[in-house]
Each structure stands twice: as structure tokens, then as C-alpha cells.
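Peer 1: Quick one: structure below, then a few questions.
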Amino acid sequence: MRVLFAGTPAVAVPSLDALVEAGFDVAAVLTRPDAPVGRKRVLTPSPVAARAAELGIEVIRAARVDAEATARIADVNPDVAAIVAYGGLVPPAALAVPRHGWINLHFSLLPAWRGAAPVQRAVMAGDDVTGAVTFLLEEGLDTGPVFGTLTESVGPEDTAGELLERLSRSGAVLLAQTLSAIGAGKASAQPQAGEVSLAPKLTLEDGHLKWSHPALAISRQARGVTPEPGAWTVLDGQRVKLEPVRLRPDVTTLAPGALALHGKSVLVGTGSHAVELTRIQPAGKKMMAAADWARGMASLESVVFE
């Protein structure tokens, strides 16, 4: 089958590789335009564009699937389009181009966590199990019938980044299997069933830890926003970045946001029990071990996170 692959971030690269390795004719890649990266804001191709160039595959760069992009997709004449985290909506005119439609690999067990940040929202909500599905893309937000499903346990210390990396690899296999079944005329999509939940794109504010919340909720929040947009707090009016914290149910005497040394550990009070800081990045400095940061503070007991 002739395939158009649509995707942008690194999490989509395993799927592109899986389709090529499975022998599909990946005729072109649709991805978002080059974007500035790093402190020097160097214009850089998306991870999918970079991988496509290595594979010698034509790249269509489009910030949105407008009439021009749709015409270029039509020129590719794909039998099917596979889409993984492209980062934009596909309008009806483009949906109608491939005769087998657009097959979306989505990193949740639909209809749970429809939207842009399913893995992050699942971690933040404390889900024990998540997964990935392949489904037929429709005009609605992740509403189409499902072809295939896989499940993945969420570990107590998993960050969204770690979980998404695992799902990107297992999901790539699922996507290749789904396209193979479609090509063989053996695929059967079933309507979604179950409770709907939404997973809107994360904002910077989603990473702001509220120390009045229970420790478990704070831990889930920090893991859910790692690596992006990252967990943070406020100290002396400045934003301080944090890596995921550890639960310390043995310490219940600290007020929310108050800090203290407990042996070599740096603890912060919450609405329930304490949490232990792992790594911290003060404003204008590099990320460092929390214990090293604490040694540079004159009096940790007078420090309060906001």
C-alpha cells in the first residue's frame, strides 16, 4: 500500500520506522514546519522531517492542512494516511483523499483522554493502566471507530515522558499491524464505548505545583508534566523548576510549602505529608541535586515555596 505518514515530534519517529521496515511504500511525510530550537533559536526540522530526510522520503511541511497542503497530499495519491502526533486538524477535504482514510495512532484507551495530551493527563489523574489505539480519523476530536488496542501499566514513578516513549514503540507495532490488516481487507473497526474524558494540551500553568494539595496529587502532577512543560514552584518571586518528587509519608509536621532538611533529604510540606525534592533548577542556574542546592542556602527553614 502507498502510505502518507503525518507526524511531527520524536514520539512519531518509531511509527515511521515501523512502516518502512514492514515494507509499506511510504511515499511522503507530512509534518509541521521547521521551528526555532534552543537558546540560540536555531531553525530546526522536526524529528519526523529529519528522519524522513535520512530515509529519502519526500517531506511536505505545513503548519495546517490547508488547500495547498491538501493538493500536495492528493498529488502523492496515497491509499491510506497514517497519522501520529502531527499537531493539527485534518479537514474533510483532506480526510477524503486516501481511499482507506486516515488511521490515527493515539496514546490512550479511547474514549478516555481524547485530545493533545493523553499520556500526561493519564499520569496526572493517577491512572494505573493506559495504552494506545489505532482508529479511523473523523471530523470529531478522536471520535472515530477503533481498529486495534494495546494496554500499558503506569508505574508509580513513571513520568509522562517515560510512559510515552514506551507507548511510541509498542504503538508503532500496532500501527503497522493495523495497516497490514487494512491492506489485506481483514480490518474491522468498532465504535468507541465507555466514559469520555478530555486531554487538552498542557500549558505552563499545569506545571505549577500547589503545595496545599495532597502529596500524592503533587507527585502525579510533577510526573505528568515531565519533561514538558516541567514542574515548577515560586521562590522569592522567581520561578524554580523541579524534577519529580518522592513521597515521604513518614513526615507530617511540615506546613504546605515549608522546607526542611531530614538527614540528607530536602523535604517540602504539602496538604497531607511531606515530599522529597530530587533535583531543582533555581532561576538563572543549571539543574542540580536538591541536597547541593540546600547546602548553598543560609537557612533552609526560612524558605517557603509558593
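Chain lettering (A, B, ...) mirrors the order of the C-alpha cells, residue numbering begins at 1 for each chain separately, and ligand numbering begins at 1 in order of display.
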Taking the chain letters and numbering used in this document, name the residues of range 85-168 of chain A that DSSP puts in helix (DSSP H, G or I), as a list in words.

Peer 2: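 The helix (DSSP H, G or I) subset of range 85-168 of chain A is Pro92, Ala93, Ala94, Leu95, Pro118, Val119, Gln120, Arg121, Ala122, Val123, Met124, Ala125, Ala160, Gly161, Glu162, Leu163, Leu164, Glu165, Arg166, Leu167 and Ser168 of chain A.
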
Peer 1: Compile the contact shell of range 235-244 of chain A as a PyMOL selection string: residues with an atom at most 8 Å away, counting only C-alpha atoms, same-chain residues fewer than 3 positions apart removed.

Peer 2: chain A and resi 159+219+222-223+226+230-232+277-283+287+303-306

Peer 1: From a DSSP pass on the backbone, collect the residues of range 48-286 of chain A flagged as strand (DSSP E or B) and hand them back as a PDB file with N, CA, C and O atoms, in the first residue's frame.

Peer 2:
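The new file selection07.pdb reads:
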```
ATOM      1  N   GLU A  58      10.027  12.033   0.585  1.00  0.00           N
ATOM      2  CA  GLU A  58       9.575  13.404   0.340  1.00  0.00           C
ATOM      3  C   GLU A  58       8.916  13.971   1.606  1.00  0.00           C
ATOM      4  O   GLU A  58       8.157  13.277   2.291  1.00  0.00           O
ATOM      5  N   VAL A  59       9.197  15.242   1.888  1.00  0.00           N
ATOM      6  CA  VAL A  59       8.640  15.895   3.069  1.00  0.00           C
ATOM      7  C   VAL A  59       7.734  17.051   2.652  1.00  0.00           C
ATOM      8  O   VAL A  59       8.134  17.922   1.880  1.00  0.00           O
ATOM      9  N   ILE A  60       6.513  17.036   3.166  1.00  0.00           N
ATOM     10  CA  ILE A  60       5.563  18.131   2.973  1.00  0.00           C
ATOM     11  C   ILE A  60       5.467  18.869   4.303  1.00  0.00           C
ATOM     12  O   ILE A  60       5.010  18.311   5.294  1.00  0.00           O
ATOM     13  N   ARG A  61       5.898  20.119   4.322  1.00  0.00           N
ATOM     14  CA  ARG A  61       5.857  20.910   5.554  1.00  0.00           C
ATOM     15  C   ARG A  61       4.633  21.824   5.521  1.00  0.00           C
ATOM     16  O   ARG A  61       4.460  22.597   4.578  1.00  0.00           O
ATOM     17  N   VAL A  80      -3.661   5.121   1.849  1.00  0.00           N
ATOM     18  CA  VAL A  80      -4.023   5.341   3.251  1.00  0.00           C
ATOM     19  C   VAL A  80      -3.061   6.367   3.831  1.00  0.00           C
ATOM     20  O   VAL A  80      -1.925   6.511   3.358  1.00  0.00           O
ATOM     21  N   ALA A  81      -3.529   7.105   4.842  1.00  0.00           N
ATOM     22  CA  ALA A  81      -2.668   8.032   5.576  1.00  0.00           C
ATOM     23  C   ALA A  81      -2.580   7.552   7.020  1.00  0.00           C
ATOM     24  O   ALA A  81      -3.593   7.210   7.625  1.00  0.00           O
ATOM     25  N   ALA A  82      -1.354   7.510   7.535  1.00  0.00           N
ATOM     26  CA  ALA A  82      -1.126   7.165   8.943  1.00  0.00           C
ATOM     27  C   ALA A  82      -0.708   8.431   9.660  1.00  0.00           C
ATOM     28  O   ALA A  82       0.195   9.144   9.192  1.00  0.00           O
ATOM     29  N   ILE A  83      -1.349   8.734  10.783  1.00  0.00           N
ATOM     30  CA  ILE A  83      -1.059   9.984  11.477  1.00  0.00           C
ATOM     31  C   ILE A  83      -0.751   9.722  12.942  1.00  0.00           C
ATOM     32  O   ILE A  83      -1.486   9.006  13.632  1.00  0.00           O
ATOM     33  N   VAL A  84       0.370  10.281  13.402  1.00  0.00           N
ATOM     34  CA  VAL A  84       0.826  10.124  14.787  1.00  0.00           C
ATOM     35  C   VAL A  84       1.342  11.475  15.267  1.00  0.00           C
ATOM     36  O   VAL A  84       2.424  11.917  14.876  1.00  0.00           O
ATOM     37  N   TRP A 102      -7.697   8.024   6.950  1.00  0.00           N
ATOM     38  CA  TRP A 102      -6.560   8.355   7.818  1.00  0.00           C
ATOM     39  C   TRP A 102      -6.641   7.498   9.071  1.00  0.00           C
ATOM     40  O   TRP A 102      -7.661   7.499   9.767  1.00  0.00           O
ATOM     41  N   ILE A 103      -5.578   6.774   9.360  1.00  0.00           N
ATOM     42  CA  ILE A 103      -5.526   5.915  10.543  1.00  0.00           C
ATOM     43  C   ILE A 103      -4.648   6.590  11.588  1.00  0.00           C
ATOM     44  O   ILE A 103      -3.460   6.824  11.369  1.00  0.00           O
ATOM     45  N   ASN A 104      -5.250   6.915  12.713  1.00  0.00           N
ATOM     46  CA  ASN A 104      -4.582   7.665  13.778  1.00  0.00           C
ATOM     47  C   ASN A 104      -4.103   6.719  14.884  1.00  0.00           C
ATOM     48  O   ASN A 104      -4.886   5.907  15.384  1.00  0.00           O
ATOM     49  N   LEU A 105      -2.828   6.809  15.240  1.00  0.00           N
ATOM     50  CA  LEU A 105      -2.323   6.148  16.438  1.00  0.00           C
ATOM     51  C   LEU A 105      -2.423   7.153  17.573  1.00  0.00           C
ATOM     52  O   LEU A 105      -1.783   8.217  17.536  1.00  0.00           O
ATOM     53  N   HIS A 106      -3.230   6.819  18.574  1.00  0.00           N
ATOM     54  CA  HIS A 106      -3.490   7.736  19.695  1.00  0.00           C
ATOM     55  C   HIS A 106      -3.075   7.047  20.987  1.00  0.00           C
ATOM     56  O   HIS A 106      -3.397   5.867  21.213  1.00  0.00           O
ATOM     57  N   ARG A 114      -9.341  11.922  25.157  1.00  0.00           N
ATOM     58  CA  ARG A 114      -9.330  12.468  23.802  1.00  0.00           C
ATOM     59  C   ARG A 114      -8.646  13.839  23.833  1.00  0.00           C
ATOM     60  O   ARG A 114      -8.977  14.682  24.661  1.00  0.00           O
ATOM     61  N   VAL A 129      -3.562   2.092  34.466  1.00  0.00           N
ATOM     62  CA  VAL A 129      -3.390   1.471  33.149  1.00  0.00           C
ATOM     63  C   VAL A 129      -3.767   2.484  32.077  1.00  0.00           C
ATOM     64  O   VAL A 129      -4.764   3.203  32.206  1.00  0.00           O
ATOM     65  N   THR A 130      -2.963   2.549  31.042  1.00  0.00           N
ATOM     66  CA  THR A 130      -3.312   3.336  29.865  1.00  0.00           C
ATOM     67  C   THR A 130      -3.017   2.463  28.649  1.00  0.00           C
ATOM     68  O   THR A 130      -3.005   1.252  28.745  1.00  0.00           O
ATOM     69  N   GLY A 131      -2.778   3.067  27.515  1.00  0.00           N
ATOM     70  CA  GLY A 131      -2.499   2.256  26.338  1.00  0.00           C
ATOM     71  C   GLY A 131      -2.470   3.081  25.085  1.00  0.00           C
ATOM     72  O   GLY A 131      -2.210   4.294  25.111  1.00  0.00           O
ATOM     73  N   ALA A 132      -2.742   2.448  23.958  1.00  0.00           N
ATOM     74  CA  ALA A 132      -2.777   3.122  22.668  1.00  0.00           C
ATOM     75  C   ALA A 132      -3.794   2.427  21.790  1.00  0.00           C
ATOM     76  O   ALA A 132      -4.066   1.228  21.966  1.00  0.00           O
ATOM     77  N   VAL A 133      -4.360   3.178  20.854  1.00  0.00           N
ATOM     78  CA  VAL A 133      -5.312   2.615  19.901  1.00  0.00           C
ATOM     79  C   VAL A 133      -5.006   3.146  18.513  1.00  0.00           C
ATOM     80  O   VAL A 133      -4.402   4.208  18.347  1.00  0.00           O
ATOM     81  N   THR A 134      -5.426   2.383  17.504  1.00  0.00           N
ATOM     82  CA  THR A 134      -5.483   2.892  16.149  1.00  0.00           C
ATOM     83  C   THR A 134      -6.951   3.062  15.799  1.00  0.00           C
ATOM     84  O   THR A 134      -7.770   2.190  16.094  1.00  0.00           O
ATOM     85  N   PHE A 135      -7.291   4.202  15.202  1.00  0.00           N
ATOM     86  CA  PHE A 135      -8.693   4.443  14.883  1.00  0.00           C
ATOM     87  C   PHE A 135      -8.814   5.241  13.590  1.00  0.00           C
ATOM     88  O   PHE A 135      -7.847   5.874  13.145  1.00  0.00           O
ATOM     89  N   LEU A 136      -9.977   5.193  13.004  1.00  0.00           N
ATOM     90  CA  LEU A 136     -10.251   5.918  11.767  1.00  0.00           C
ATOM     91  C   LEU A 136     -10.536   7.374  12.100  1.00  0.00           C
ATOM     92  O   LEU A 136     -11.474   7.685  12.825  1.00  0.00           O
ATOM     93  N   VAL A 146     -12.501   2.244  16.390  1.00  0.00           N
ATOM     94  CA  VAL A 146     -11.178   1.737  16.759  1.00  0.00           C
ATOM     95  C   VAL A 146     -10.871   0.423  16.042  1.00  0.00           C
ATOM     96  O   VAL A 146     -11.686  -0.501  16.021  1.00  0.00           O
ATOM     97  N   PHE A 147      -9.663   0.334  15.476  1.00  0.00           N
ATOM     98  CA  PHE A 147      -9.195  -0.893  14.829  1.00  0.00           C
ATOM     99  C   PHE A 147      -8.464  -1.804  15.813  1.00  0.00           C
ATOM    100  O   PHE A 147      -8.722  -2.999  15.886  1.00  0.00           O
ATOM    101  N   GLY A 148      -7.509  -1.250  16.568  1.00  0.00           N
ATOM    102  CA  GLY A 148      -6.681  -2.075  17.453  1.00  0.00           C
ATOM    103  C   GLY A 148      -6.357  -1.365  18.744  1.00  0.00           C
ATOM    104  O   GLY A 148      -6.382  -0.134  18.818  1.00  0.00           O
ATOM    105  N   THR A 149      -6.048  -2.147  19.767  1.00  0.00           N
ATOM    106  CA  THR A 149      -5.804  -1.614  21.113  1.00  0.00           C
ATOM    107  C   THR A 149      -4.652  -2.350  21.769  1.00  0.00           C
ATOM    108  O   THR A 149      -4.470  -3.555  21.578  1.00  0.00           O
ATOM    109  N   LEU A 150      -3.853  -1.623  22.552  1.00  0.00           N
ATOM    110  CA  LEU A 150      -2.871  -2.252  23.430  1.00  0.00           C
ATOM    111  C   LEU A 150      -2.921  -1.539  24.775  1.00  0.00           C
ATOM    112  O   LEU A 150      -3.340  -0.386  24.866  1.00  0.00           O
ATOM    113  N   THR A 151      -2.521  -2.236  25.827  1.00  0.00           N
ATOM    114  CA  THR A 151      -2.526  -1.644  27.165  1.00  0.00           C
ATOM    115  C   THR A 151      -1.109  -1.562  27.714  1.00  0.00           C
ATOM    116  O   THR A 151      -0.220  -2.315  27.321  1.00  0.00           O
ATOM    117  N   GLU A 152      -0.919  -0.636  28.639  1.00  0.00           N
ATOM    118  CA  GLU A 152       0.388  -0.416  29.263  1.00  0.00           C
ATOM    119  C   GLU A 152       0.158   0.014  30.710  1.00  0.00           C
ATOM    120  O   GLU A 152      -0.624   0.929  30.983  1.00  0.00           O
ATOM    121  N   SER A 153       0.830  -0.658  31.650  1.00  0.00           N
ATOM    122  CA  SER A 153       0.730  -0.281  33.051  1.00  0.00           C
ATOM    123  C   SER A 153       1.482   1.025  33.308  1.00  0.00           C
ATOM    124  O   SER A 153       2.526   1.277  32.712  1.00  0.00           O
ATOM    125  N   GLN A 190     -14.398  -0.878  15.360  1.00  0.00           N
ATOM    126  CA  GLN A 190     -15.554  -0.920  16.256  1.00  0.00           C
ATOM    127  C   GLN A 190     -15.790   0.452  16.875  1.00  0.00           C
ATOM    128  O   GLN A 190     -14.833   1.150  17.227  1.00  0.00           O
ATOM    129  N   LEU A 198     -11.381  14.208  28.475  1.00  0.00           N
ATOM    130  CA  LEU A 198     -10.641  15.072  27.564  1.00  0.00           C
ATOM    131  C   LEU A 198      -9.230  15.349  28.079  1.00  0.00           C
ATOM    132  O   LEU A 198      -9.000  15.432  29.284  1.00  0.00           O
ATOM    133  N   HIS A 208       2.664  24.235  37.615  1.00  0.00           N
ATOM    134  CA  HIS A 208       2.801  24.961  38.882  1.00  0.00           C
ATOM    135  C   HIS A 208       2.274  24.107  40.031  1.00  0.00           C
ATOM    136  O   HIS A 208       1.074  23.866  40.133  1.00  0.00           O
ATOM    137  N   ALA A 231       7.678  20.734  35.933  1.00  0.00           N
ATOM    138  CA  ALA A 231       7.120  21.151  37.219  1.00  0.00           C
ATOM    139  C   ALA A 231       7.889  22.358  37.745  1.00  0.00           C
ATOM    140  O   ALA A 231       9.095  22.478  37.533  1.00  0.00           O
ATOM    141  N   TRP A 232       7.174  23.234  38.470  1.00  0.00           N
ATOM    142  CA  TRP A 232       7.849  24.413  38.998  1.00  0.00           C
ATOM    143  C   TRP A 232       7.106  24.960  40.214  1.00  0.00           C
ATOM    144  O   TRP A 232       5.968  24.606  40.482  1.00  0.00           O
ATOM    145  N   THR A 233       7.816  25.806  40.932  1.00  0.00           N
ATOM    146  CA  THR A 233       7.253  26.494  42.075  1.00  0.00           C
ATOM    147  C   THR A 233       7.805  27.912  42.080  1.00  0.00           C
ATOM    148  O   THR A 233       8.581  28.281  41.194  1.00  0.00           O
ATOM    149  N   VAL A 234       7.407  28.703  43.044  1.00  0.00           N
ATOM    150  CA  VAL A 234       7.873  30.087  43.128  1.00  0.00           C
ATOM    151  C   VAL A 234       8.633  30.285  44.428  1.00  0.00           C
ATOM    152  O   VAL A 234       8.179  29.876  45.500  1.00  0.00           O
ATOM    153  N   LEU A 235       9.815  30.887  44.315  1.00  0.00           N
ATOM    154  CA  LEU A 235      10.649  31.200  45.483  1.00  0.00           C
ATOM    155  C   LEU A 235      11.158  32.625  45.328  1.00  0.00           C
ATOM    156  O   LEU A 235      11.795  32.956  44.324  1.00  0.00           O
ATOM    157  N   GLN A 238      10.453  34.293  42.038  1.00  0.00           N
ATOM    158  CA  GLN A 238      11.018  33.741  40.811  1.00  0.00           C
ATOM    159  C   GLN A 238      10.606  32.288  40.632  1.00  0.00           C
ATOM    160  O   GLN A 238      10.453  31.550  41.600  1.00  0.00           O
ATOM    161  N   ARG A 239      10.455  31.899  39.373  1.00  0.00           N
ATOM    162  CA  ARG A 239      10.056  30.528  39.071  1.00  0.00           C
ATOM    163  C   ARG A 239      11.252  29.597  39.206  1.00  0.00           C
ATOM    164  O   ARG A 239      12.322  29.856  38.667  1.00  0.00           O
ATOM    165  N   VAL A 240      11.047  28.504  39.944  1.00  0.00           N
ATOM    166  CA  VAL A 240      12.083  27.499  40.190  1.00  0.00           C
ATOM    167  C   VAL A 240      11.599  26.173  39.623  1.00  0.00           C
ATOM    168  O   VAL A 240      10.510  25.710  39.973  1.00  0.00           O
ATOM    169  N   LYS A 241      12.386  25.563  38.749  1.00  0.00           N
ATOM    170  CA  LYS A 241      11.999  24.302  38.127  1.00  0.00           C
ATOM    171  C   LYS A 241      12.330  23.125  39.036  1.00  0.00           C
ATOM    172  O   LYS A 241      13.359  23.141  39.735  1.00  0.00           O
ATOM    173  N   LEU A 242      11.487  22.105  38.988  1.00  0.00           N
ATOM    174  CA  LEU A 242      11.676  20.916  39.817  1.00  0.00           C
ATOM    175  C   LEU A 242      11.528  19.658  38.974  1.00  0.00           C
ATOM    176  O   LEU A 242      10.704  19.609  38.062  1.00  0.00           O
ATOM    177  N   ARG A 246       9.568  12.672  45.493  1.00  0.00           N
ATOM    178  CA  ARG A 246       9.295  11.363  46.107  1.00  0.00           C
ATOM    179  C   ARG A 246       8.359  11.557  47.302  1.00  0.00           C
ATOM    180  O   ARG A 246       8.462  12.548  48.034  1.00  0.00           O
ATOM    181  N   LEU A 247       7.492  10.604  47.510  1.00  0.00           N
ATOM    182  CA  LEU A 247       6.572  10.668  48.643  1.00  0.00           C
ATOM    183  C   LEU A 247       7.304  10.353  49.941  1.00  0.00           C
ATOM    184  O   LEU A 247       8.107   9.419  49.995  1.00  0.00           O
ATOM    185  N   ARG A 248       7.007  11.128  50.980  1.00  0.00           N
ATOM    186  CA  ARG A 248       7.592  10.875  52.311  1.00  0.00           C
ATOM    187  C   ARG A 248       6.483  10.882  53.352  1.00  0.00           C
ATOM    188  O   ARG A 248       6.327  11.827  54.135  1.00  0.00           O
ATOM    189  N   PRO A 256       2.370  23.334  54.434  1.00  0.00           N
ATOM    190  CA  PRO A 256       2.457  23.354  52.970  1.00  0.00           C
ATOM    191  C   PRO A 256       3.439  24.406  52.447  1.00  0.00           C
ATOM    192  O   PRO A 256       3.351  25.585  52.821  1.00  0.00           O
ATOM    193  N   ALA A 258       6.577  24.675  53.197  1.00  0.00           N
ATOM    194  CA  ALA A 258       7.727  24.850  54.084  1.00  0.00           C
ATOM    195  C   ALA A 258       8.781  23.785  53.799  1.00  0.00           C
ATOM    196  O   ALA A 258       8.447  22.637  53.493  1.00  0.00           O
ATOM    197  N   LEU A 259      10.066  24.156  53.899  1.00  0.00           N
ATOM    198  CA  LEU A 259      11.163  23.245  53.603  1.00  0.00           C
ATOM    199  C   LEU A 259      11.933  22.895  54.873  1.00  0.00           C
ATOM    200  O   LEU A 259      11.994  23.674  55.831  1.00  0.00           O
ATOM    201  N   ALA A 260      12.553  21.718  54.868  1.00  0.00           N
ATOM    202  CA  ALA A 260      13.381  21.296  55.981  1.00  0.00           C
ATOM    203  C   ALA A 260      14.320  20.197  55.520  1.00  0.00           C
ATOM    204  O   ALA A 260      14.013  19.452  54.585  1.00  0.00           O
ATOM    205  N   LEU A 261      15.470  20.110  56.177  1.00  0.00           N
ATOM    206  CA  LEU A 261      16.391  19.002  55.946  1.00  0.00           C
ATOM    207  C   LEU A 261      16.004  17.852  56.856  1.00  0.00           C
ATOM    208  O   LEU A 261      15.711  18.053  58.042  1.00  0.00           O
ATOM    209  N   HIS A 262      16.010  16.649  56.297  1.00  0.00           N
ATOM    210  CA  HIS A 262      15.720  15.439  57.070  1.00  0.00           C
ATOM    211  C   HIS A 262      16.818  14.461  56.727  1.00  0.00           C
ATOM    212  O   HIS A 262      16.747  13.741  55.751  1.00  0.00           O
ATOM    213  N   SER A 265      18.114  14.549  53.068  1.00  0.00           N
ATOM    214  CA  SER A 265      16.990  14.787  52.166  1.00  0.00           C
ATOM    215  C   SER A 265      16.400  16.176  52.382  1.00  0.00           C
ATOM    216  O   SER A 265      16.324  16.661  53.513  1.00  0.00           O
ATOM    217  N   VAL A 266      15.966  16.797  51.274  1.00  0.00           N
ATOM    218  CA  VAL A 266      15.293  18.088  51.336  1.00  0.00           C
ATOM    219  C   VAL A 266      13.796  17.830  51.189  1.00  0.00           C
ATOM    220  O   VAL A 266      13.340  17.332  50.153  1.00  0.00           O
ATOM    221  N   LEU A 267      13.044  18.152  52.215  1.00  0.00           N
ATOM    222  CA  LEU A 267      11.608  17.869  52.242  1.00  0.00           C
ATOM    223  C   LEU A 267      10.799  19.150  52.115  1.00  0.00           C
ATOM    224  O   LEU A 267      11.233  20.225  52.539  1.00  0.00           O
ATOM    225  N   VAL A 268       9.601  19.000  51.537  1.00  0.00           N
ATOM    226  CA  VAL A 268       8.654  20.108  51.413  1.00  0.00           C
ATOM    227  C   VAL A 268       7.313  19.641  51.958  1.00  0.00           C
ATOM    228  O   VAL A 268       6.860  18.532  51.654  1.00  0.00           O
ATOM    229  N   GLY A 269       6.669  20.495  52.737  1.00  0.00           N
ATOM    230  CA  GLY A 269       5.358  20.163  53.265  1.00  0.00           C
ATOM    231  C   GLY A 269       4.271  20.312  52.213  1.00  0.00           C
ATOM    232  O   GLY A 269       4.377  21.128  51.296  1.00  0.00           O
ATOM    233  N   ALA A 274       4.825  15.080  53.754  1.00  0.00           N
ATOM    234  CA  ALA A 274       5.905  15.723  53.010  1.00  0.00           C
ATOM    235  C   ALA A 274       6.234  14.986  51.719  1.00  0.00           C
ATOM    236  O   ALA A 274       5.891  13.818  51.532  1.00  0.00           O
ATOM    237  N   VAL A 275       6.919  15.703  50.833  1.00  0.00           N
ATOM    238  CA  VAL A 275       7.540  15.099  49.660  1.00  0.00           C
ATOM    239  C   VAL A 275       9.017  15.458  49.684  1.00  0.00           C
ATOM    240  O   VAL A 275       9.426  16.460  50.288  1.00  0.00           O
ATOM    241  N   GLU A 276       9.812  14.631  49.022  1.00  0.00           N
ATOM    242  CA  GLU A 276      11.255  14.855  48.968  1.00  0.00           C
ATOM    243  C   GLU A 276      11.633  15.392  47.591  1.00  0.00           C
ATOM    244  O   GLU A 276      11.261  14.827  46.558  1.00  0.00           O
ATOM    245  N   ARG A 279      15.676  16.967  42.261  1.00  0.00           N
ATOM    246  CA  ARG A 279      16.553  17.933  41.607  1.00  0.00           C
ATOM    247  C   ARG A 279      15.800  19.243  41.431  1.00  0.00           C
ATOM    248  O   ARG A 279      14.580  19.267  41.289  1.00  0.00           O
ATOM    249  N   ILE A 280      16.557  20.346  41.438  1.00  0.00           N
ATOM    250  CA  ILE A 280      15.966  21.679  41.410  1.00  0.00           C
ATOM    251  C   ILE A 280      16.810  22.577  40.518  1.00  0.00           C
ATOM    252  O   ILE A 280      18.039  22.443  40.463  1.00  0.00           O
ATOM    253  N   GLN A 281      16.150  23.493  39.841  1.00  0.00           N
ATOM    254  CA  GLN A 281      16.851  24.447  38.989  1.00  0.00           C
ATOM    255  C   GLN A 281      16.420  25.856  39.365  1.00  0.00           C
ATOM    256  O   GLN A 281      15.408  26.354  38.890  1.00  0.00           O
TER     257      GLN A 281
END
```

Peer 1: Identify, on the basis of only C-alpha atoms, every residue whose closest approach to Asp75 in chain A does not exceed 12 Å; exclude the query and any residue fewer than 6 positions from it along the same chain; express the result as a PyMOL selection string.

Peer 2: chain A and resi 4+27-28+58+60+68-69+94+97-98

Peer 1: Can you tell me which residues surround range 86-89 of chain A at a distance of at most 9 Å, considering only C-alpha atoms, apart from same-chain residues fewer than 6 positions away, and format the answer as a PyMOL selection string?

Peer 2: chain A and resi 6-9+12+30-32+63-65+116+139+141

Peer 1: Could you state the separation of CA of Leu179 in chain A and CA of Leu55 in chain A in Å, given to one decimal place?

Peer 2: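 It comes out at 19.9 Å.
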
Peer 1: Using only C-alpha atoms, find the one residue out of A:Leu216, A:Val154, A:Val225, A:Val29 that sits nearest to Pro47 in chain A.

Peer 2: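 Smallest separation from Pro47 in chain A among the options: A:Val29.
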
Peer 1: Go through A:Val245, A:Ala176, A:Leu110, A:Ile182 and flag the residue nearest Ser197 in chain A, using only C-alpha atoms for the distances.

Peer 2: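 Checking each candidate against Ser197 in chain A, we get A:Leu110 as the closest.
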
Peer 1: Set the distance at 8 Å and use only C-alpha atoms: which residues neighbour Asp79 in chain A once local chain neighbours fewer than 5 positions away are removed? I'd like the list as a list in words.

Peer 2: Met1, Arg2, Val3, Pro98, Arg99, His100 and Gly101 of chain A

Peer 1: So that I have them on file, write out the residues from the current selection with N, CA, C and O atoms, as a tab-separated table (two decimals), in the first residue's frame.

Peer 2:
```
chain	number	residue	atom	x	y	z
A	1	MET	N	0.84	-1.21	0.00
A	1	MET	CA	0.00	0.00	0.00
A	1	MET	C	0.87	1.25	0.00
A	1	MET	O	1.92	1.30	0.63
A	2	ARG	N	0.38	2.25	-0.70
A	2	ARG	CA	1.06	3.54	-0.75
A	2	ARG	C	0.57	4.38	0.43
A	2	ARG	O	-0.64	4.59	0.60
A	3	VAL	N	1.52	4.87	1.24
A	3	VAL	CA	1.18	5.50	2.52
A	3	VAL	C	1.69	6.93	2.57
A	3	VAL	O	2.83	7.21	2.18
A	98	PRO	N	-7.26	9.79	0.81
A	98	PRO	CA	-6.89	8.36	0.72
A	98	PRO	C	-8.13	7.47	0.70
A	98	PRO	O	-9.07	7.71	1.47
A	99	ARG	N	-8.13	6.45	-0.13
A	99	ARG	CA	-9.33	5.61	-0.23
A	99	ARG	C	-9.61	4.83	1.05
A	99	ARG	O	-10.75	4.46	1.32
A	100	HIS	N	-8.57	4.56	1.84
A	100	HIS	CA	-8.77	3.86	3.12
A	100	HIS	C	-8.81	4.84	4.30
A	100	HIS	O	-8.86	4.41	5.45
A	101	GLY	N	-8.79	6.14	4.02
A	101	GLY	CA	-8.88	7.13	5.08
A	101	GLY	C	-7.57	7.36	5.82
A	101	GLY	O	-6.50	6.94	5.38
```

Peer 1: Counting only C-alpha atoms, figure out which residue out of A:Arg39, A:Lys264, A:His273, A:Lys285 gets nearest to Ser212 in chain A.

Peer 2: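 Closest candidate: A:His273.
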
Peer 1: Have a look at A:Gly56, A:Gly171, A:Pro91, A:Gly126 and name the one nearest to Gly155 in chain A; count only C-alpha atoms.

Peer 2: A:Gly126

Peer 1: Please, what distance in Å, to one decimal, runs between CA of Val119 in chain A and CA of Asp66 in chain A?

Peer 2: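 CA of Val119 in chain A sits 28.2 Å away from CA of Asp66 in chain A.
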